[in-house]
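The file model_17.cif contains mmCIF, C-alpha atoms and all ligand atoms:
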```cif
data_entry
#
loop_
_atom_site.label_atom_id
_atom_site.label_comp_id
_atom_site.auth_asym_id
_atom_site.auth_seq_id
_atom_site.Cartn_x
_atom_site.Cartn_y
_atom_site.Cartn_z
CA ILE O 1 -35.45 -24.56 20.26
CA LYS O 2 -35.66 -23.92 16.53
CA THR O 3 -33.72 -20.97 15.16
CA ASN O 4 -31.85 -19.78 12.09
CA VAL O 5 -28.42 -19.25 13.60
CA GLY O 6 -27.08 -20.75 16.81
CA ILE O 7 -24.24 -18.69 18.24
CA VAL O 8 -21.80 -20.32 20.65
CA GLY O 9 -19.99 -17.63 22.63
CA GLY O 10 -21.36 -14.34 23.90
CA GLY O 11 -18.27 -12.15 23.80
CA PRO O 12 -18.15 -9.14 21.49
CA ALA O 13 -18.01 -11.28 18.30
CA GLY O 14 -21.04 -13.43 19.16
CA LEU O 15 -23.10 -10.50 20.45
CA MET O 16 -22.28 -8.35 17.44
CA LEU O 17 -23.32 -11.15 15.09
CA SER O 18 -26.54 -11.65 17.03
CA HIS O 19 -27.21 -7.90 16.93
CA LEU O 20 -26.70 -7.68 13.15
CA LEU O 21 -28.77 -10.80 12.46
CA SER O 22 -31.68 -9.61 14.60
CA ARG O 23 -31.65 -6.25 12.85
CA ALA O 24 -31.98 -8.13 9.56
CA GLY O 25 -34.88 -10.18 10.93
CA ILE O 26 -32.82 -13.39 11.15
CA ASP O 27 -33.66 -15.43 14.24
CA ASN O 28 -30.75 -16.41 16.50
CA ILE O 29 -29.78 -17.49 19.98
CA VAL O 30 -26.51 -16.90 21.83
CA ILE O 31 -25.15 -19.16 24.56
CA GLU O 32 -22.22 -18.17 26.76
CA LYS O 33 -20.64 -20.10 29.60
CA ARG O 34 -19.42 -17.09 31.60
CA ASP O 35 -21.70 -14.64 33.39
CA HIS O 36 -22.07 -11.01 32.36
CA ASP O 37 -19.92 -9.57 35.16
CA THR O 38 -17.03 -11.96 34.57
CA ILE O 39 -16.78 -10.84 30.95
CA HIS O 40 -17.23 -7.21 31.99
CA ASN O 41 -14.30 -7.56 34.38
CA THR O 42 -11.99 -9.37 31.97
CA HIS O 43 -9.56 -6.69 30.82
CA ARG O 44 -8.44 -6.97 27.24
CA ALA O 45 -7.07 -4.56 24.67
CA GLY O 46 -8.34 -1.04 24.26
CA ILE O 47 -7.91 0.07 20.66
CA LEU O 48 -10.75 0.07 18.13
CA GLU O 49 -10.15 0.55 14.44
CA ALA O 50 -12.28 3.15 12.68
CA GLY O 51 -14.25 0.32 11.01
CA SER O 52 -15.03 -1.29 14.37
CA VAL O 53 -16.30 2.02 15.75
CA LYS O 54 -18.44 2.49 12.65
CA MET O 55 -19.94 -0.97 13.12
CA LEU O 56 -21.00 -0.04 16.65
CA THR O 57 -22.36 3.41 15.86
CA ASP O 58 -23.91 2.75 12.43
CA THR O 59 -25.93 -0.21 13.71
CA GLY O 60 -27.31 1.56 16.75
CA VAL O 61 -25.41 -0.29 19.47
CA ASP O 62 -24.66 2.84 21.43
CA GLY O 63 -22.70 6.04 20.98
CA ARG O 64 -20.85 5.49 24.26
CA VAL O 65 -17.71 4.63 22.30
CA LEU O 66 -17.74 8.21 21.00
CA THR O 67 -18.55 9.92 24.29
CA GLU O 68 -16.56 7.73 26.70
CA GLY O 69 -13.85 6.65 24.26
CA HIS O 70 -11.01 8.83 23.05
CA ARG O 71 -10.05 9.40 19.45
CA HIS O 72 -6.33 8.92 18.87
CA ASP O 73 -4.84 10.37 15.70
CA GLY O 74 -1.43 8.78 16.10
CA ILE O 75 1.04 6.79 18.19
CA ASP O 76 4.64 7.18 19.26
CA LEU O 77 7.21 4.61 18.22
CA ARG O 78 10.02 5.00 20.72
CA PHE O 79 13.47 3.44 20.39
CA ASN O 80 16.91 4.37 21.67
CA GLY O 81 15.03 6.64 24.06
CA VAL O 82 13.68 8.81 21.25
CA SER O 83 10.00 9.10 20.32
CA HIS O 84 8.86 9.25 16.72
CA ARG O 85 5.23 10.23 16.24
CA LEU O 86 3.21 8.61 13.49
CA ASP O 87 0.38 10.95 12.55
CA PHE O 88 -2.36 8.61 11.29
CA GLN O 89 -4.60 11.42 10.11
CA GLU O 90 -1.85 12.99 8.06
CA LEU O 91 -0.56 9.61 6.77
CA VAL O 92 -3.78 7.78 5.91
CA GLY O 93 -6.64 10.06 6.98
CA GLU O 94 -7.84 7.67 9.71
CA SER O 95 -7.92 7.48 13.49
CA VAL O 96 -8.43 4.79 16.10
CA TRP O 97 -10.45 4.96 19.30
CA LEU O 98 -9.22 4.09 22.74
CA TYR O 99 -12.19 2.22 24.19
CA PRO O 100 -11.72 -0.98 26.16
CA GLN O 101 -13.01 -4.26 24.79
CA ASN O 102 -14.91 -5.04 27.98
CA GLU O 103 -16.92 -1.84 27.47
CA VAL O 104 -17.69 -2.94 23.90
CA PHE O 105 -19.08 -6.11 25.45
CA VAL O 106 -21.19 -4.13 27.94
CA ASP O 107 -22.63 -1.96 25.16
CA LEU O 108 -23.44 -4.96 22.96
CA ALA O 109 -25.02 -6.90 25.83
CA ALA O 110 -27.15 -3.87 26.71
CA ALA O 111 -28.23 -3.47 23.08
CA ARG O 112 -29.20 -7.17 22.88
CA LYS O 113 -31.22 -6.80 26.07
CA ARG O 114 -32.86 -3.58 24.84
CA ASP O 115 -33.80 -5.23 21.52
CA GLY O 116 -35.11 -8.45 23.06
CA GLY O 117 -32.22 -10.67 21.93
CA ASP O 118 -32.03 -14.23 23.23
CA VAL O 119 -28.69 -14.39 25.07
CA ARG O 120 -28.17 -17.11 27.68
CA PHE O 121 -25.27 -16.49 30.03
CA SER O 122 -23.82 -19.02 32.53
CA VAL O 123 -24.69 -22.11 30.49
CA THR O 124 -22.90 -25.40 31.15
CA ASP O 125 -22.26 -28.69 29.35
CA SER O 126 -22.52 -27.16 25.90
CA GLU O 127 -21.83 -29.29 22.85
CA VAL O 128 -22.20 -28.81 19.11
CA LEU O 129 -23.19 -31.75 16.92
CA ASP O 130 -24.36 -32.80 13.44
CA LEU O 131 -22.28 -29.95 12.03
CA GLU O 132 -21.96 -31.50 8.58
CA THR O 133 -25.76 -31.86 8.25
CA ASP O 134 -28.50 -29.38 7.33
CA VAL O 135 -29.61 -29.25 10.95
CA PRO O 136 -26.56 -28.60 13.10
CA LYS O 137 -27.36 -28.64 16.81
CA ILE O 138 -26.26 -27.15 20.10
CA ARG O 139 -26.97 -28.79 23.43
CA PHE O 140 -26.58 -26.91 26.69
CA ILE O 141 -27.86 -26.61 30.23
CA ASP O 142 -29.00 -23.11 31.15
CA ALA O 143 -28.35 -21.17 34.36
CA ASP O 144 -31.47 -22.74 35.94
CA GLY O 145 -30.30 -26.28 35.19
CA GLN O 146 -32.71 -26.88 32.33
CA ARG O 147 -31.49 -28.87 29.29
CA PHE O 148 -31.97 -27.52 25.76
CA GLU O 149 -31.27 -28.63 22.22
CA VAL O 150 -31.03 -25.94 19.54
CA HIS O 151 -31.78 -26.89 15.93
CA ALA O 152 -30.35 -24.31 13.53
CA ASP O 153 -29.51 -23.80 9.87
CA SER O 154 -25.98 -22.83 10.80
CA ILE O 155 -23.83 -22.39 13.87
CA ALA O 156 -21.41 -19.56 14.50
CA GLY O 157 -18.44 -20.50 16.67
CA THR O 158 -17.50 -17.31 18.50
CA ASP O 159 -16.36 -19.03 21.69
CA GLY O 160 -12.75 -17.91 21.76
CA SER O 161 -9.46 -19.75 21.60
CA GLN O 162 -10.36 -22.17 24.39
CA GLY O 163 -13.87 -22.86 23.11
CA ILE O 164 -15.61 -26.05 21.98
CA CYS O 165 -16.34 -25.12 18.36
CA LYS O 166 -12.87 -25.30 16.84
CA ARG O 167 -12.29 -28.59 18.65
CA ALA O 168 -15.49 -29.97 17.15
CA ILE O 169 -13.84 -29.88 13.72
CA PRO O 170 -12.22 -33.28 13.14
CA ALA O 171 -8.42 -32.96 13.28
CA GLU O 172 -8.05 -34.28 9.73
CA GLU O 173 -10.41 -31.57 8.44
CA ARG O 174 -8.42 -28.60 9.73
CA THR O 175 -4.89 -27.26 9.74
CA ASP O 176 -3.68 -25.66 12.96
CA ASN O 177 -1.17 -22.98 11.95
CA PHE O 178 0.64 -22.01 15.13
CA ILE O 179 3.72 -20.27 16.50
CA ALA O 180 4.75 -19.55 20.07
CA TYR O 181 6.89 -16.66 21.30
CA PRO O 182 9.47 -16.80 24.08
CA PHE O 183 7.94 -13.83 25.93
CA ALA O 184 4.70 -12.47 27.34
CA TRP O 185 3.34 -9.12 28.57
CA PHE O 186 3.05 -8.04 32.17
CA GLY O 187 -0.04 -5.81 32.13
CA ILE O 188 -1.17 -3.37 34.80
CA LEU O 189 -4.00 -0.99 35.50
CA THR O 190 -3.05 1.98 37.64
CA GLN O 191 -4.87 4.83 39.31
CA ALA O 192 -2.85 7.68 37.83
CA PRO O 193 -3.14 10.54 35.38
CA PRO O 194 -2.06 9.84 31.76
CA SER O 195 1.70 9.86 31.21
CA ALA O 196 1.25 10.75 27.54
CA PRO O 197 -1.64 11.89 25.33
CA GLU O 198 -1.26 8.91 22.93
CA LEU O 199 0.05 5.35 23.05
CA ILE O 200 3.79 4.80 23.19
CA TYR O 201 5.19 1.58 21.76
CA ALA O 202 8.73 1.41 23.14
CA ASN O 203 11.60 -0.81 22.06
CA SER O 204 14.55 -0.69 24.45
CA GLU O 205 17.59 -2.71 25.39
CA HIS O 206 15.61 -3.81 28.44
CA GLY O 207 12.70 -5.05 26.34
CA PHE O 208 9.38 -3.75 25.08
CA ALA O 209 6.93 -1.49 26.93
CA LEU O 210 3.54 -0.11 25.92
CA ILE O 211 2.17 2.98 27.61
CA SER O 212 -1.57 3.07 27.07
CA GLN O 213 -4.44 4.84 28.76
CA ARG O 214 -8.01 4.29 29.85
CA ASN O 215 -9.26 7.69 31.02
CA GLU O 216 -8.19 10.74 33.03
CA SER O 217 -7.60 8.70 36.19
CA VAL O 218 -6.90 5.11 35.07
CA GLN O 219 -3.98 4.02 32.87
CA ARG O 220 -3.02 0.76 31.19
CA MET O 221 0.62 -0.24 30.71
CA TYR O 222 2.47 -3.37 29.69
CA PHE O 223 6.05 -4.56 29.65
CA GLN O 224 7.63 -7.58 28.03
CA CYS O 225 8.30 -10.36 30.54
CA ASP O 226 9.00 -14.05 30.75
CA PRO O 227 5.92 -16.23 30.03
CA THR O 228 6.38 -17.93 33.43
CA GLU O 229 6.45 -14.61 35.34
CA ASP O 230 4.35 -14.58 38.53
CA VAL O 231 2.75 -11.16 39.05
CA SER O 232 2.74 -11.60 42.82
CA ASP O 233 6.58 -11.62 42.80
CA TRP O 234 6.61 -7.94 41.82
CA THR O 235 6.22 -4.96 44.14
CA GLU O 236 4.69 -1.76 42.79
CA ASP O 237 8.09 -0.04 42.89
CA GLN O 238 9.71 -2.83 40.92
CA ILE O 239 6.98 -2.64 38.28
CA TRP O 240 7.30 1.13 37.93
CA ASN O 241 11.10 0.96 37.78
CA GLU O 242 10.92 -1.72 35.09
CA LEU O 243 8.47 0.31 33.01
CA GLN O 244 10.46 3.52 33.46
CA LYS O 245 13.75 1.85 32.43
CA ARG O 246 12.19 0.90 29.11
CA VAL O 247 11.03 4.42 28.25
CA ASP O 248 14.03 6.34 29.63
CA GLY O 249 15.64 8.72 27.18
CA PRO O 250 17.42 12.03 26.75
CA ASP O 251 14.06 13.84 26.67
CA GLY O 252 13.64 12.90 30.35
CA PHE O 253 10.21 11.33 29.75
CA THR O 254 8.88 10.22 33.14
CA LEU O 255 5.91 7.98 33.84
CA LYS O 256 3.28 9.32 36.23
CA ARG O 257 2.98 6.70 38.95
CA GLY O 258 0.02 5.67 41.03
CA PRO O 259 -1.40 2.67 42.87
CA ILE O 260 -1.54 -0.49 40.74
CA PHE O 261 -4.88 -2.29 41.14
CA GLU O 262 -4.66 -5.02 38.51
CA LYS O 263 -1.75 -7.17 37.33
CA MET O 264 -1.79 -9.98 34.80
CA VAL O 265 0.46 -11.89 32.43
CA LEU O 266 -0.75 -12.08 28.80
CA PRO O 267 0.52 -15.04 26.78
CA PHE O 268 1.74 -14.58 23.23
CA ARG O 269 0.88 -16.78 20.31
CA SER O 270 -0.15 -16.65 16.69
CA TYR O 271 -2.70 -19.19 15.51
CA VAL O 272 -4.97 -19.69 12.52
CA CYS O 273 -7.42 -22.55 12.02
CA GLU O 274 -7.87 -23.36 8.32
CA PRO O 275 -10.47 -23.49 7.00
CA MET O 276 -12.59 -21.40 9.40
CA ARG O 277 -15.54 -23.57 8.49
CA TYR O 278 -16.68 -27.15 8.81
CA GLY O 279 -20.03 -28.04 7.23
CA ASN O 280 -22.50 -25.59 8.73
CA LEU O 281 -20.17 -24.43 11.51
CA PHE O 282 -18.49 -21.08 10.89
CA LEU O 283 -15.70 -19.86 13.19
CA ALA O 284 -15.27 -16.14 13.88
CA GLY O 285 -12.89 -14.21 16.11
CA ASP O 286 -10.52 -15.93 18.54
CA ALA O 287 -12.30 -19.26 17.94
CA GLY O 288 -10.64 -19.24 14.53
CA HIS O 289 -7.41 -17.39 15.19
CA THR O 290 -5.27 -15.70 17.80
CA VAL O 291 -2.89 -12.79 17.32
CA PRO O 292 -0.25 -11.58 19.77
CA PRO O 293 -1.49 -8.36 21.43
CA THR O 294 1.02 -5.95 19.85
CA GLY O 295 -1.08 -3.72 17.61
CA ALA O 296 -4.41 -4.62 19.25
CA LYS O 297 -5.82 -6.52 16.29
CA GLY O 298 -7.73 -9.27 18.19
CA LEU O 299 -11.13 -7.65 18.74
CA ASN O 300 -10.97 -5.72 15.48
CA LEU O 301 -10.31 -8.89 13.54
CA ALA O 302 -13.18 -10.62 15.31
CA LEU O 303 -15.59 -7.85 14.32
CA ALA O 304 -14.30 -7.94 10.73
CA ASP O 305 -14.98 -11.73 10.61
CA VAL O 306 -18.48 -11.08 11.93
CA LYS O 307 -19.13 -8.58 9.14
CA VAL O 308 -18.07 -11.12 6.49
CA LEU O 309 -20.14 -13.87 8.12
CA PHE O 310 -23.19 -11.65 8.56
CA ASP O 311 -23.13 -10.64 4.87
CA ALA O 312 -22.97 -14.33 3.91
CA ILE O 313 -25.84 -15.37 6.16
CA GLU O 314 -27.93 -12.40 5.11
CA MET O 315 -27.43 -13.28 1.44
CA PHE O 316 -28.48 -16.86 2.13
CA TYR O 317 -31.80 -15.81 3.71
CA ALA O 318 -32.42 -13.06 1.14
CA THR O 319 -31.72 -15.09 -2.00
CA GLY O 320 -31.20 -18.74 -1.03
CA SER O 321 -27.67 -18.53 -2.44
CA ARG O 322 -24.91 -20.25 -0.47
CA ASP O 323 -22.15 -18.57 -2.49
CA LEU O 324 -21.00 -16.20 0.25
CA LEU O 325 -21.30 -18.89 2.91
CA ASP O 326 -19.11 -21.14 0.79
CA GLY O 327 -16.68 -18.25 0.36
CA TYR O 328 -16.72 -17.24 4.03
CA SER O 329 -13.52 -18.95 5.09
CA ASP O 330 -11.44 -17.71 2.14
CA ASN O 331 -12.86 -14.19 2.41
CA ALA O 332 -12.27 -13.93 6.16
CA LEU O 333 -8.82 -15.52 5.95
CA GLU O 334 -7.56 -12.89 3.56
CA ARG O 335 -7.81 -10.24 6.27
CA VAL O 336 -6.81 -12.67 9.00
CA TRP O 337 -3.44 -13.37 7.37
CA LYS O 338 -2.81 -9.67 6.77
CA ALA O 339 -3.51 -9.01 10.44
CA GLN O 340 -1.37 -12.00 11.44
CA ASN O 341 1.48 -10.55 9.44
CA PHE O 342 1.05 -7.10 10.99
CA SER O 343 0.84 -8.42 14.56
CA TYR O 344 3.85 -10.68 14.02
CA TRP O 345 5.82 -7.84 12.46
CA MET O 346 5.03 -5.33 15.24
CA THR O 347 5.84 -7.99 17.82
CA SER O 348 9.17 -9.03 16.35
CA MET O 349 10.23 -5.45 15.61
CA LEU O 350 9.51 -4.16 19.11
CA HIS O 351 10.52 -7.01 21.45
CA SER O 352 13.97 -8.19 22.39
CA ARG O 353 15.03 -11.79 22.79
CA ASN O 354 17.83 -13.32 24.84
CA ASP O 355 18.92 -15.40 21.88
CA HIS O 356 19.39 -12.35 19.68
CA SER O 357 22.88 -11.80 18.31
CA SER O 358 24.30 -8.29 18.01
CA PHE O 359 23.44 -8.59 14.31
CA GLU O 360 19.76 -9.21 15.04
CA ARG O 361 19.61 -6.36 17.57
CA LYS O 362 21.18 -3.93 15.11
CA ARG O 363 19.00 -5.20 12.25
CA ILE O 364 15.91 -4.36 14.32
CA GLN O 365 17.22 -0.81 14.83
CA GLY O 366 17.60 -0.64 11.06
CA GLU O 367 14.05 -1.87 10.66
CA LEU O 368 12.63 0.70 13.10
CA ASN O 369 14.64 3.43 11.36
CA SER O 370 13.35 2.24 7.99
CA VAL O 371 9.80 2.77 9.22
CA VAL O 372 10.17 6.18 10.83
CA THR O 373 12.35 7.70 8.10
CA SER O 374 10.12 6.53 5.26
CA ARG O 375 6.73 7.96 4.49
CA TYR O 376 5.83 4.64 2.88
CA GLY O 377 6.96 2.70 5.95
CA GLN O 378 4.96 4.96 8.22
CA GLN O 379 1.97 4.72 5.92
CA TYR O 380 2.02 0.93 5.91
CA LEU O 381 2.07 0.87 9.70
CA ALA O 382 -0.65 3.54 9.93
CA GLU O 383 -2.86 1.77 7.38
CA ALA O 384 -2.61 -1.60 9.11
CA TYR O 385 -2.97 -0.12 12.60
CA THR O 386 -6.07 1.92 11.81
CA GLY O 387 -7.47 -1.05 9.89
CA TRP O 388 -8.06 -2.04 6.30
CA PRO O 389 -11.54 -1.13 5.05
CA HIS O 390 -14.28 -3.70 5.63
CA GLY O 391 -15.27 -5.38 2.34
C1 LIG Q 401 -3.79 -1.80 24.37
C2 LIG Q 401 -3.44 -3.11 24.13
C3 LIG Q 401 -2.71 -3.44 23.01
O1 LIG Q 401 -2.36 -4.71 22.77
C4 LIG Q 401 -2.32 -2.45 22.12
O2 LIG Q 401 -1.57 -2.80 21.03
C5 LIG Q 401 -2.69 -1.17 22.34
C6 LIG Q 401 -3.44 -0.84 23.47
C7 LIG Q 401 -4.56 -1.43 25.57
O3 LIG Q 401 -4.94 -2.32 26.34
O4 LIG Q 401 -4.78 -0.23 25.80
#
```

Would you mind giving the structure from this file in structure tokens?
Amino acid sequence: IKTNVGIVGGGPAGLMLSHLLSRAGIDNIVIEKRDHDTIHNTHRAGILEAGSVKMLTDTGVDGRVLTEGHRHDGIDLRFNGVSHRLDFQELVGESVWLYPQNEVFVDLAAARKRDGGDVRFSVTDSEVLDLETDVPKIRFIDADGQRFEVHADSIAGTDGSQGICKRAIPAEERTDNFIAYPFAWFGILTQAPPSAPELIYANSEHGFALISQRNESVQRMYFQCDPTEDVSDWTEDQIWNELQKRVDGPDGFTLKRGPIFEKMVLPFRSYVCEPMRYGNLFLAGDAGHTVPPTGAKGLNLALADVKVLFDAIEMFYATGSRDLLDGYSDNALERVWKAQNFSYWMTSMLHSRNDHSSFERKRIQGELNSVVTSRYGQQYLAEAYTGWPHG
């Protein structure tokens, strides 16, 4: 198969890139090892920056994000049992949208199908090769067992943190910047009405909790746990009691309980591959970096990478200039490191650690107070949370 851009990975990043390229008349093919329903049923974060929403609506993916999603104009930071609302509209004139990542995938996959995009799900044995040449290649076996070799001008690696693309970069050609955290999140989906109209990020002496939503009848919540936690060890009552403990306060705030139909442990790490490019392979999204979930930057960062990469590829086909392709890694990494800093900061400010001294615990209270009592502190958080403008 001859094409312009071979895209490895058909999650939101790969499908969005394919969508943008096709709209610009640039030929491309997407391969993905999972099937459509597996991705649809993989629950990830649920907050879209304004720029991510704009990317979906301005390019004709679908307006479902606006009709099914919910605009949120702020969040609560809660500590010592007291909620402090950050009003994003008032602080920075922006909002975010609560719309789950797996629905973004569904909308993008439907748009690719509608527009005749070439997306191959359930492929096996994929490899990328000749990356440093002018004809980088992808080999794969499709769902019917047929072997293919794709010859492209460039390859986009959008195959996530466990994918093949990053690993295809020789170890001596990349730096793996990595930190681990001594905790994880226990995430649930519950059949219950919303406990609050907006997200609550809670720091407590019992650890972090995040009260999020999905819709009128399904809610998403998380609490900090040990990375080795086994979700089957927890009864529904234990989960609810643990969540409630972490949001208890003098205002008597009480979670609305319901049956829990999904439980999972989310690992925490921060990772950046530098550069995000090797020859004619360009990494975007989780293939190039991972953020801890606090602040929901993962998908948004992936879409921002895709925008930078699309502009570079488009310039190449429009003018023959490789300038933006050569600048891709540096340009994308500027935002990546800002988002890494924000995710790391939110994570360390909101979670508790067993090895924390009384000094460190009190310092964090000082940090939280610095944010909520300062317009500038609140504005920094609001600006980063709602997302820096796309270049
Ligand atoms: C959700 C996840 C996050 O990591 C976050 O910061 C906010 C919301 C969610 O799944 O709703």

Original post:
Neighbours of ligand LIG 401 (chain Q) within 9 Å, counting only C-alpha atoms and all ligand atoms, as a PyMOL selection string?
Top reply: chain O and resi 43-47+98-101+187+199-201+210-214+219-222+292-298+343+385

**OP:** Show which residues sit within 8 Å of stretch 327-330 of chain O, as a VMD selection string. Count only C-alpha atoms, and ignore same-chain residues fewer than 4 positions away.
**Re:** chain O and resid 274 to 277 282 308 to 309 312 323 334

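Between atom CA of O:Trp234 and atom CA of O:Ala202 lies a distance of 21.0 Å.
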
Original post:
Could you pull the residues within 8 Å of O:Phe178, counting all atoms listed in the file, minus those fewer than 6 positions along the same chain, as a ChimeraX atom specification?
Top reply: /O:269-272

**OP:** Identify which of the residues O:Trp345, O:Tyr278, O:Tyr376, O:Phe253 lies closest to O:Glu132, counting all atoms listed in the file when measuring atom-to-atom distances.
**Re:** O:Tyr278

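With only C-alpha atoms taken into account, the protein and nucleic acid residues at most 7 Å from O:Ser154 (excluding it and anything under 4 positions from it in its own chain) are Asn4, Val5, Gly6, Pro136, Asn280 and Leu281 of chain O.
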
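Minimum distance to O:Tyr181 across O:Val106, O:Val247, O:Leu266, O:Leu255 (counting all atoms listed in the file) occurs at O:Leu266.
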
Selection: 8 Å around O:Gly157, all atoms listed in the file, excl. self and same-chain fewer than 6 positions, as a CSV table (one decimal) with C-alpha atoms, in the coordinates of the input:
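Result saved to out-v8.csv:
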```csv
chain,number,residue,atom,x,y,z
O,7,ILE,CA,-24.2,-18.7,18.2
O,8,VAL,CA,-21.8,-20.3,20.6
O,9,GLY,CA,-20.0,-17.6,22.6
O,14,GLY,CA,-21.0,-13.4,19.2
O,165,CYS,CA,-16.3,-25.1,18.4
O,166,LYS,CA,-12.9,-25.3,16.8
O,281,LEU,CA,-20.2,-24.4,11.5
O,282,PHE,CA,-18.5,-21.1,10.9
O,283,LEU,CA,-15.7,-19.9,13.2
O,284,ALA,CA,-15.3,-16.1,13.9
O,287,ALA,CA,-12.3,-19.3,17.9
```

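Separating atom CA of O:Leu243 from atom CA of O:Ile260 is a distance of 12.7 Å.
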
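The smallest atom-to-atom distance between O:Phe140 and any of O:Arg322, O:Phe121, O:Asn102, O:Leu108, using only C-alpha atoms, is found for O:Phe121.
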
**OP:** Calculate how many Å separate atom CA of O:Ser22 from atom CA of O:Glu314, rounding to one decimal.
**Re:** 10.6 Å
